[in-house]
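Pasted below: entry_32.pdb, PDB, C-alpha atoms.
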```
ATOM      1  CA  MET Z  12     -72.108 102.929-105.432
ATOM      2  CA  THR Z  13     -72.211  99.528-107.059
ATOM      3  CA  LEU Z  14     -69.178  97.401-107.733
ATOM      4  CA  THR Z  15     -66.913  99.227-110.151
ATOM      5  CA  SER Z  16     -64.187  96.641-110.675
ATOM      6  CA  GLU Z  17     -63.368  92.987-110.117
ATOM      7  CA  LEU Z  18     -59.997  94.180-108.823
ATOM      8  CA  ILE Z  19     -60.641  94.698-105.120
ATOM      9  CA  TRP Z  20     -58.004  97.409-104.689
ATOM     10  CA  GLN Z  21     -59.352  99.332-107.667
ATOM     11  CA  ASP Z  22     -62.983  99.090-106.576
ATOM     12  CA  GLN Z  23     -62.184 100.201-103.021
ATOM     13  CA  GLN Z  24     -60.251 103.191-104.300
ATOM     14  CA  HIS Z  25     -63.091 104.132-106.645
ATOM     15  CA  GLN Z  26     -65.511 104.020-103.698
ATOM     16  CA  VAL Z  27     -63.281 106.370-101.696
ATOM     17  CA  LEU Z  28     -63.109 108.760-104.654
ATOM     18  CA  PHE Z  29     -66.904 108.851-104.920
ATOM     19  CA  ASP Z  30     -67.179 109.506-101.166
ATOM     20  CA  LEU Z  31     -64.676 112.363-101.353
ATOM     21  CA  ILE Z  32     -66.482 113.870-104.329
ATOM     22  CA  ASP Z  33     -69.737 113.734-102.342
ATOM     23  CA  GLU Z  34     -68.072 115.669 -99.518
ATOM     24  CA  ILE Z  35     -67.730 118.692-101.808
ATOM     25  CA  LYS Z  36     -71.487 119.232-101.405
ATOM     26  CA  ALA Z  37     -71.292 119.445 -97.595
ATOM     27  CA  ASP Z  38     -72.223 122.685 -95.843
ATOM     28  CA  LYS Z  39     -68.890 122.961 -94.071
ATOM     29  CA  VAL Z  40     -66.463 122.197 -96.882
ATOM     30  CA  ASP Z  41     -63.008 123.713 -96.795
ATOM     31  CA  VAL Z  42     -59.665 123.368 -98.499
ATOM     32  CA  SER Z  43     -58.974 120.050 -96.748
ATOM     33  CA  THR Z  44     -61.799 118.384 -98.695
ATOM     34  CA  PHE Z  45     -60.357 119.473-102.026
ATOM     35  CA  THR Z  46     -56.821 118.594-100.887
ATOM     36  CA  ARG Z  47     -57.833 115.080 -99.816
ATOM     37  CA  LEU Z  48     -59.667 114.516-103.110
ATOM     38  CA  HIS Z  49     -56.732 115.823-105.136
ATOM     39  CA  ASP Z  50     -54.175 113.747-103.207
ATOM     40  CA  TYR Z  51     -56.232 110.561-103.175
ATOM     41  CA  ALA Z  52     -57.018 110.778-106.887
ATOM     42  CA  ASP Z  53     -53.318 111.226-107.585
ATOM     43  CA  HIS Z  54     -52.501 108.200-105.394
ATOM     44  CA  HIS Z  55     -55.102 106.107-107.231
ATOM     45  CA  PHE Z  56     -53.929 107.231-110.664
ATOM     46  CA  CYS Z  57     -50.278 106.552-109.783
ATOM     47  CA  LEU Z  58     -51.152 102.980-108.800
ATOM     48  CA  GLU Z  59     -53.030 102.381-112.053
ATOM     49  CA  GLU Z  60     -50.172 103.949-113.999
ATOM     50  CA  ALA Z  61     -47.648 101.679-112.257
ATOM     51  CA  TYR Z  62     -49.691  98.650-113.346
ATOM     52  CA  MET Z  63     -49.892  99.991-116.889
ATOM     53  CA  GLU Z  64     -46.134 100.517-117.057
ATOM     54  CA  ALA Z  65     -45.276  97.163-115.477
ATOM     55  CA  LEU Z  66     -47.587  95.310-117.872
ATOM     56  CA  ASN Z  67     -46.709  97.353-120.981
ATOM     57  CA  TYR Z  68     -50.356  98.320-121.306
ATOM     58  CA  PRO Z  69     -50.981  99.254-124.968
ATOM     59  CA  ASP Z  70     -53.374 102.151-124.194
ATOM     60  CA  PHE Z  71     -51.106 103.671-121.544
ATOM     61  CA  GLY Z  72     -50.748 107.020-123.331
ATOM     62  CA  ALA Z  73     -54.468 107.672-123.708
ATOM     63  CA  HIS Z  74     -55.220 106.510-120.178
ATOM     64  CA  LEU Z  75     -52.455 108.710-118.765
ATOM     65  CA  GLN Z  76     -53.801 111.668-120.723
ATOM     66  CA  ALA Z  77     -57.246 111.166-119.140
ATOM     67  CA  HIS Z  78     -55.683 110.981-115.674
ATOM     68  CA  ASN Z  79     -53.665 114.135-116.293
ATOM     69  CA  LYS Z  80     -56.737 116.027-117.462
ATOM     70  CA  PHE Z  81     -58.565 115.055-114.264
ATOM     71  CA  ARG Z  82     -55.510 116.000-112.178
ATOM     72  CA  ALA Z  83     -55.489 119.434-113.810
ATOM     73  CA  GLU Z  84     -59.210 119.929-113.114
ATOM     74  CA  LEU Z  85     -58.759 118.951-109.470
ATOM     75  CA  LYS Z  86     -55.765 121.274-109.123
ATOM     76  CA  LYS Z  87     -57.804 124.170-110.497
ATOM     77  CA  MET Z  88     -60.638 123.357-108.089
ATOM     78  CA  LEU Z  89     -58.168 123.215-105.213
ATOM     79  CA  ASP Z  90     -56.755 126.603-106.173
ATOM     80  CA  ASP Z  91     -60.194 128.227-106.573
ATOM     81  CA  HIS Z  92     -62.129 126.467-103.775
ATOM     82  CA  HIS Z  93     -62.575 129.627-101.678
ATOM     83  CA  SER Z  94     -64.870 131.201-104.257
ATOM     84  CA  TYR Z  95     -67.328 128.283-104.511
ATOM     85  CA  ASP Z  96     -70.843 128.700-103.206
ATOM     86  CA  THR Z  97     -73.168 125.792-102.413
ATOM     87  CA  GLN Z  98     -74.711 125.628-105.869
ATOM     88  CA  LEU Z  99     -71.346 125.630-107.635
ATOM     89  CA  ARG Z 100     -69.943 122.957-105.299
ATOM     90  CA  GLU Z 101     -72.962 120.799-106.081
ATOM     91  CA  MET Z 102     -72.402 121.253-109.814
ATOM     92  CA  LEU Z 103     -68.700 120.426-109.398
ATOM     93  CA  SER Z 104     -69.551 117.299-107.455
ATOM     94  CA  ASP Z 105     -72.017 116.187-110.139
ATOM     95  CA  PHE Z 106     -69.462 116.896-112.885
ATOM     96  CA  LEU Z 107     -66.703 114.939-111.103
ATOM     97  CA  THR Z 108     -69.052 112.040-110.364
ATOM     98  CA  GLU Z 109     -70.113 111.764-113.992
ATOM     99  CA  TRP Z 110     -66.537 112.089-115.248
ATOM    100  CA  LEU Z 111     -65.381 109.373-112.856
ATOM    101  CA  LYS Z 112     -68.239 107.035-113.836
ATOM    102  CA  ARG Z 113     -67.462 107.446-117.540
ATOM    103  CA  HIS Z 114     -63.762 106.893-116.866
ATOM    104  CA  ILE Z 115     -64.340 103.812-114.708
ATOM    105  CA  PHE Z 116     -66.826 102.138-117.017
ATOM    106  CA  GLY Z 117     -64.833 103.108-120.109
ATOM    107  CA  VAL Z 118     -61.047 103.116-120.019
ATOM    108  CA  ASP Z 119     -60.708 101.566-116.553
ATOM    109  CA  LYS Z 120     -62.736  98.534-117.633
ATOM    110  CA  LYS Z 121     -60.258  97.933-120.453
ATOM    111  CA  LEU Z 122     -57.377  98.224-117.987
ATOM    112  CA  GLU Z 123     -59.142  95.939-115.504
ATOM    113  CA  LEU Z 124     -59.550  93.240-118.153
ATOM    114  CA  TYR Z 125     -55.905  93.590-119.192
ATOM    115  CA  ILE Z 126     -54.735  93.275-115.573
ATOM    116  CA  MET Z 127     -57.029  90.306-114.899
ATOM    117  CA  GLU Z 128     -55.766  88.519-118.006
ATOM    118  CA  SER Z 129     -52.163  89.173-116.985
ATOM    119  CA  GLY Z 130     -52.645  87.290-113.720
ATOM    120  CA  ARG Z 131     -50.930  90.127-111.806
ATOM    121  CA  LYS Z 132     -53.901  91.628-110.034
TER     122      LYS Z 132
END
```
Would you mind writing the structure in this file as structure tokens?
Amino acid sequence: MTLTSELIWQDQQHQVLFDLIDEIKADKVDVSTFTRLHDYADHHFCLEEAYMEALNYPDFGAHLQAHNKFRAELKKMLDDHHSYDTQLREMLSDFLTEWLKRHIFGVDKKLELYIMESGRK
């Protein structure tokens, strides 16, 4: 994946998320894959949300709503993982990858700019 953010911490976390999403396609995927993705995404979102709160980010509500929607999707996938065949896991991985790309290059870019301008990266 190409650089997703000028904020090193944010870019590195995005890269880990993409790697975890790719693991869903693996032949020997189990609940631990979905658990790690769920937990890491929550960790990443919590860090972004802490920045938004600390900096009084004006679009905090909308950004939080997007995070919560993704959290809910990941929770559902975690709960239902045992019924996923290879084709469905591939479709889920593609869906999550596209969602994450749109999120990163949409709302996260606005947050990145706000953080960079604040000087508190």
Worksheet entry | Explicit residue set for the PyMOL selection byres ((chain Z and resi 97-113) around 12), as a PyMOL selection string | chain Z and resi 12-16+22+24-41+44-45+48-49+52+56+77-78+80-82+84-85+87-89+91-96+114-120
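The spacing separating atom CA of Z:Asp53 from atom CA of Z:Asn67 amounts to 20.4 Å.
Residues surrounding Z:Tyr125 within 9 Å are Leu66, Tyr68, Lys120, Lys121, Ser129 and Gly130 of chain Z [only C-alpha atoms; sequence separation below 4 positions excluded].
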File dump, residues just selected, C-alpha atoms, as an mmCIF file, in the coordinates of the input:
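Okay, this is what ended up in part_14.cif:
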```
data_model
loop_
_atom_site.group_PDB
_atom_site.id
_atom_site.type_symbol
_atom_site.label_atom_id
_atom_site.label_comp_id
_atom_site.auth_asym_id
_atom_site.auth_seq_id
_atom_site.Cartn_x
_atom_site.Cartn_y
_atom_site.Cartn_z
ATOM 1 C CA LEU Z 66 -47.587 95.310 -117.872
ATOM 2 C CA TYR Z 68 -50.356 98.320 -121.306
ATOM 3 C CA LYS Z 120 -62.736 98.534 -117.633
ATOM 4 C CA LYS Z 121 -60.258 97.933 -120.453
ATOM 5 C CA SER Z 129 -52.163 89.173 -116.985
ATOM 6 C CA GLY Z 130 -52.645 87.290 -113.720
#
```
Discussion item. Give me, as number ranges by chain, all polymer residues having an atom no more than 12 Å from Z:Glu64, counting all atoms listed in the file and skipping those fewer than 6 positions away in the same chain.
Written reply: Z: 57-58, 70-72, 74-75, 122, 126
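In terms of minimum interatomic distance to Z:Arg131, Z:Leu18 ranks closest within Z:Lys86, Z:Arg47, Z:Leu18, Z:Val42, counting only C-alpha atoms.
Relative to atom CA of Z:Gln21, atom CA of Z:His55 is found at 8.0 Å.
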Discussion item. If I take atom CA of Z:Leu124 and atom CA of Z:Tyr62, how far is one from the other in Å, to one decimal?
Written reply: 12.2 Å
